[in-house]
Number of protein chains: 2
Amino acid sequence: MPRAGLTPATVTGAGAALADEVGIAQLSMGLVAERLEVRTPSLYKHVGGLADLTHRIAVLAMTEVGDAIGDAIQGRSGREALTAAAEALRTYVKAHPGRYAAGDGAQATGPDDPLVAASERLLGCLSAVLHGYGLPPEEEIHALRLLRSTIHGFATLEAAGGFRIAADVDESFAWIIDRLDAGLQVPVRR
Amino acid sequence: MPRAGLTPATVTGAGAALADEVGIAQLSMGLVAERLEVRTPSLYKHVGGLADLTHRIAVLAMTEVGDAIGDAIQGRSGREALTAAAEALRTYVKAHPGRYAAGDGAQATGPDDPLVAASERLLGCLSAVLHGYGLPPEEEIHALRLLRSTIHGFATLEAAGGFRIAADVDESFAWIIDRLDAGLQVPVRR
DNA sequence: GCCTTTAGCTAACAACATTAGCCAGCCGTG
DNA sequence: CACGGCTGGCTAATGTTGTTAGCTAAAGGC
């Protein structure tokens, strides 16, 4: 029997692809093994188990999202950067709903967990977008959370089929970015 | 052996309570049975299975959220209603993270699914909040989606422990509501 | 007080994650 | 080119969990 030549990365990749196809909740070790044309127990030579695999998929997703947004905002700023970043995230979630869902609910196991680095990278990109709005430093964290919450919420609701009414979702998204942009420009008034 | 006197509602309630305690992903039929001091197979006389139970918990959560928001916005309008609604949702998610999570990802099985009615109720409440802003009718759907995305995103990220930096989350939330309010008041400029 | 209904039970099965232990393919060294 | 250690993939086996089948006794209507 010739060897399959698996690595942790191969297994994670197959798991991520399957998560996109069948949903993260339906992902099973057996399914991954089948996709890789290998018996289930063989996977345990490369990943610690289903929980570990899910965690690795989450790291992969976070990293890919960070890259996508990082690329998208290159050379842009202000509203243009905001639009590009939001589009990039939304596009990613639509293309890879399963692996993005793995990122939700993933908990870092410690300070050296690669998940920490990946999410910091992502947050750094969103921070960069916000710099163009010249917010007072103490408000940046709030703005960051606004940005993240809105885009994350929109993308996950869309991926979950949450927008029943057929009214053009693209149009809604553009409108939302517009309002976000407006909200960030108005000076505080409290 | 005396009867336990279960009903679909009892089982759903126990499942919802457990989901809040251990997380929706850890919810199992055996756990629910143990909580109700009954053997696992007995539950199948009242709910169709784990998937059905989860769905029922989702409906329960949607209904409760709708009620909470409906109560909160009674007699308020504009910014005050917005704050009340957002606070209500966030409070609910913090108190019942498990059952709210069941609501995420729940798919209506058909037009007569009670989930449809529950979510329409919820959306209706948010719509009512928006009326105070006097938006043009064709923009209401977009504003509704903005509201829902932001609050949902914030609440789920918070529940998932997504806000690492200790910076006061309450303060962030207030700031976000403020900006949302600001963004909804500015006239369109496209 | 009987009789239908049915709630809860035991027994059994299937799917899945996981572990233990075997054996053969690869890779380095001599 | 042989040989030997390492290790990747295998089979076998175990525990957990979801689910179904079929029994029995409790509750409610006549």
# chains A, B, ... in the order shown; residues from 1 in each chain; ligands from 1
>>> select_by_dssp(residues="segment 3-179 of chain A", states="helix (DSSP H, G or I)", output="count of residues only")
131
>>> closest_atom_pairs(of="chain C", to="chain B", cutoff="9 Å", atoms="only C-alpha atoms (C1' of nucleotides)", output="tab-separated table")
residue	atom	partner	partner_atom	distance
C:DA7	C1'	B:Arg3	CA	6.9
C:DG8	C1'	B:Ser42	CA	5.5
C:DC9	C1'	B:Arg39	CA	7.7
>>> write_last_selection(atoms="N, CA and C atoms (P, O5', C5', C4', C3', O3' and C1' of nucleotides)", output="short mmCIF file (atom, residue, chain, number, x, y, z; two decimals), in the first residue's frame")
data_model
loop_
_atom_site.label_atom_id
_atom_site.label_comp_id
_atom_site.auth_asym_id
_atom_site.auth_seq_id
_atom_site.Cartn_x
_atom_site.Cartn_y
_atom_site.Cartn_z
P DA C 7 -47.95 10.39 25.66
"O5'" DA C 7 -47.14 10.50 27.01
"C5'" DA C 7 -47.84 10.37 28.25
"C4'" DA C 7 -46.94 9.72 29.30
"C3'" DA C 7 -45.47 10.08 29.20
"O3'" DA C 7 -44.94 10.08 30.52
"C1'" DA C 7 -45.71 7.76 28.83
P DG C 8 -43.57 10.77 30.83
"O5'" DG C 8 -42.58 9.55 31.01
"C5'" DG C 8 -42.67 8.75 32.18
"C4'" DG C 8 -42.08 7.39 31.91
"C3'" DG C 8 -40.58 7.40 31.55
"O3'" DG C 8 -39.83 6.87 32.64
"C1'" DG C 8 -41.83 5.85 30.24
P DC C 9 -38.27 6.56 32.51
"O5'" DC C 9 -38.23 5.01 32.13
"C5'" DC C 9 -38.75 4.04 33.05
"C4'" DC C 9 -38.72 2.65 32.44
"C3'" DC C 9 -37.35 2.24 31.93
"O3'" DC C 9 -36.72 1.38 32.86
"C1'" DC C 9 -39.07 1.76 30.31
#
>>> closest_atom_pairs(of="chain D", to="chain B", cutoff="10 Å", atoms="only C-alpha atoms (C1' of nucleotides)", output="CSV")
residue,atom,partner,partner_atom,distance
D:DT17,C1',B:Ser28,CA,7.8
D:DG18,C1',B:Met29,CA,7.7
D:DT19,C1',B:Gly49,CA,7.9
D:DT20,C1',B:Pro41,CA,9.2
D:DA25,C1',B:Met1,CA,8.0
D:DA26,C1',B:Arg3,CA,7.1
D:DA27,C1',B:Arg3,CA,9.1
>>> closest_atom_pairs(of="chain B", to="chain A", cutoff="9 Å", atoms="only C-alpha atoms", output="Markdown table")
| residue | atom | partner | partner_atom | distance |
| --- | --- | --- | --- | --- |
| B:Asp104 | CA | A:Ala160 | CA | 7.5 |
| B:Gly105 | CA | A:Ala160 | CA | 5.5 |
| B:Ala106 | CA | A:Ala160 | CA | 8.0 |
| B:Gln107 | CA | A:Gly161 | CA | 7.8 |
| B:Glu139 | CA | A:Trp175 | CA | 8.3 |
| B:Ile141 | CA | A:Ser172 | CA | 7.6 |
| B:His142 | CA | A:Ser172 | CA | 4.7 |
| B:Ala143 | CA | A:Ile176 | CA | 7.3 |
| B:Arg145 | CA | A:Ser172 | CA | 7.3 |
| B:Leu146 | CA | A:Ile176 | CA | 5.8 |
| B:Leu147 | CA | A:Thr150 | CA | 8.4 |
| B:Arg148 | CA | A:Gly153 | CA | 7.7 |
| B:Ser149 | CA | A:Gly153 | CA | 4.3 |
| B:Thr150 | CA | A:Thr150 | CA | 4.0 |
| B:Ile151 | CA | A:Ser149 | CA | 7.3 |
| B:His152 | CA | A:Gly153 | CA | 5.7 |
| B:Gly153 | CA | A:Gly153 | CA | 3.8 |
| B:Phe154 | CA | A:Ser149 | CA | 4.7 |
| B:Ala155 | CA | A:Ser149 | CA | 8.2 |
| B:Thr156 | CA | A:Gly153 | CA | 8.3 |
| B:Leu157 | CA | A:Ser149 | CA | 7.1 |
| B:Ala159 | CA | A:Gly105 | CA | 8.9 |
| B:Ala160 | CA | A:Gly105 | CA | 5.5 |
| B:Gly161 | CA | A:Gln107 | CA | 7.8 |
| B:Gly162 | CA | A:Gly105 | CA | 8.2 |
| B:Phe163 | CA | A:Arg145 | CA | 8.1 |
| B:Ile165 | CA | A:Ile141 | CA | 8.8 |
| B:Ala167 | CA | A:Ile141 | CA | 7.7 |
| B:Val169 | CA | A:His142 | CA | 8.4 |
| B:Glu171 | CA | A:His142 | CA | 7.9 |
| B:Ser172 | CA | A:His142 | CA | 4.7 |
| B:Phe173 | CA | A:His142 | CA | 7.7 |
| B:Trp175 | CA | A:His142 | CA | 6.6 |
| B:Ile176 | CA | A:Leu146 | CA | 5.8 |
| B:Asp178 | CA | A:Val188 | CA | 8.3 |
| B:Arg179 | CA | A:Gly183 | CA | 5.1 |
| B:Leu180 | CA | A:Gly183 | CA | 6.4 |
| B:Asp181 | CA | A:Gly183 | CA | 8.0 |
| B:Ala182 | CA | A:Gly183 | CA | 5.5 |
| B:Gly183 | CA | A:Gly183 | CA | 4.1 |
| B:Leu184 | CA | A:Arg179 | CA | 6.9 |
| B:Val186 | CA | A:Ala182 | CA | 7.1 |
| B:Val188 | CA | A:Arg179 | CA | 8.2 |
| B:Arg189 | CA | A:Asp178 | CA | 8.7 |
| B:Arg190 | CA | A:Asp178 | CA | 8.5 |
>>> residues_around(residues="Ile24 of chain B", least_positions_apart="5", cutoff="12 Å", atoms="only C-alpha atoms (C1' of nucleotides)", output="number ranges by chain")
A: 25, 105; B: 15-19, 29, 31-32, 50-51, 53-55, 57-58, 96-105
>>> atom_distance(atom1="atom CA of Val47 of chain B", atom2="atom CA of Asp113 of chain B")
15.2 Å
>>> residues_around(residues="segment 22-30 of chain C", least_positions_apart="2", cutoff="10 Å", atoms="only C-alpha atoms (C1' of nucleotides)", output="list in words")
Met1, Pro2 and Arg3 of chain A; DA20 of chain C; DA2, DC3, DG4, DG5, DC6, DT7, DG8, DG9, DC10 and DT11 of chain D
>>> residues_around(residues="Arg76 of chain B", least_positions_apart="2", cutoff="12 Å", atoms="only C-alpha atoms (C1' of nucleotides)", output="list in words")
Ile69, Gly70, Asp71, Ala72, Ile73, Gln74, Gly78, Arg79, Glu80, Ala81, Leu82, Thr83, Ala84, Ala85, Cys125, Ala128, Val129, Leu130, His131 and Gly132 of chain B
>>> atom_distance(atom1="atom CA of Arg90 of chain A", atom2="atom CA of Ala117 of chain A")
21.3 Å
>>> decode(residues="segment 71-115 of chain B", atoms="C-alpha atoms", output="PDB file, in the first residue's frame")
ATOM      1  CA  ASP B  71     -41.677  45.200  26.037  1.00  0.00           C
ATOM      2  CA  ALA B  72     -38.576  47.363  25.991  1.00  0.00           C
ATOM      3  CA  ILE B  73     -39.741  49.700  23.257  1.00  0.00           C
ATOM      4  CA  GLN B  74     -43.241  50.184  24.657  1.00  0.00           C
ATOM      5  CA  GLY B  75     -43.937  53.882  24.767  1.00  0.00           C
ATOM      6  CA  ARG B  76     -40.532  54.910  23.477  1.00  0.00           C
ATOM      7  CA  SER B  77     -39.418  56.190  20.129  1.00  0.00           C
ATOM      8  CA  GLY B  78     -36.393  57.370  18.221  1.00  0.00           C
ATOM      9  CA  ARG B  79     -33.075  57.136  19.918  1.00  0.00           C
ATOM     10  CA  GLU B  80     -34.639  56.058  23.185  1.00  0.00           C
ATOM     11  CA  ALA B  81     -36.363  53.131  21.515  1.00  0.00           C
ATOM     12  CA  LEU B  82     -33.176  52.211  19.698  1.00  0.00           C
ATOM     13  CA  THR B  83     -31.236  52.097  22.946  1.00  0.00           C
ATOM     14  CA  ALA B  84     -33.909  50.127  24.727  1.00  0.00           C
ATOM     15  CA  ALA B  85     -34.190  47.570  21.951  1.00  0.00           C
ATOM     16  CA  ALA B  86     -30.465  47.099  21.662  1.00  0.00           C
ATOM     17  CA  GLU B  87     -30.054  46.791  25.417  1.00  0.00           C
ATOM     18  CA  ALA B  88     -32.867  44.268  25.570  1.00  0.00           C
ATOM     19  CA  LEU B  89     -31.355  42.064  22.913  1.00  0.00           C
ATOM     20  CA  ARG B  90     -27.910  42.247  24.396  1.00  0.00           C
ATOM     21  CA  THR B  91     -29.191  41.499  27.882  1.00  0.00           C
ATOM     22  CA  TYR B  92     -31.061  38.518  26.573  1.00  0.00           C
ATOM     23  CA  VAL B  93     -28.058  37.099  24.776  1.00  0.00           C
ATOM     24  CA  LYS B  94     -25.922  37.514  27.860  1.00  0.00           C
ATOM     25  CA  ALA B  95     -28.498  35.784  30.026  1.00  0.00           C
ATOM     26  CA  HIS B  96     -29.300  33.038  27.533  1.00  0.00           C
ATOM     27  CA  PRO B  97     -26.343  32.547  25.232  1.00  0.00           C
ATOM     28  CA  GLY B  98     -27.124  28.908  24.534  1.00  0.00           C
ATOM     29  CA  ARG B  99     -30.661  29.294  23.374  1.00  0.00           C
ATOM     30  CA  TYR B 100     -29.837  32.402  21.378  1.00  0.00           C
ATOM     31  CA  ALA B 101     -27.112  30.438  19.629  1.00  0.00           C
ATOM     32  CA  ALA B 102     -29.735  27.855  18.730  1.00  0.00           C
ATOM     33  CA  GLY B 103     -31.621  30.667  17.006  1.00  0.00           C
ATOM     34  CA  ASP B 104     -28.598  31.402  14.857  1.00  0.00           C
ATOM     35  CA  GLY B 105     -28.404  28.867  12.132  1.00  0.00           C
ATOM     36  CA  ALA B 106     -31.965  27.730  12.626  1.00  0.00           C
ATOM     37  CA  GLN B 107     -33.675  27.284   9.282  1.00  0.00           C
ATOM     38  CA  ALA B 108     -37.411  27.488   8.883  1.00  0.00           C
ATOM     39  CA  THR B 109     -38.742  24.222   7.517  1.00  0.00           C
ATOM     40  CA  GLY B 110     -41.684  25.812   5.753  1.00  0.00           C
ATOM     41  CA  PRO B 111     -44.069  28.763   5.692  1.00  0.00           C
ATOM     42  CA  ASP B 112     -46.038  27.392   8.659  1.00  0.00           C
ATOM     43  CA  ASP B 113     -42.966  26.913  10.814  1.00  0.00           C
ATOM     44  CA  PRO B 114     -43.503  28.854  14.054  1.00  0.00           C
ATOM     45  CA  LEU B 115     -39.953  30.093  13.624  1.00  0.00           C
TER      46      LEU B 115
END
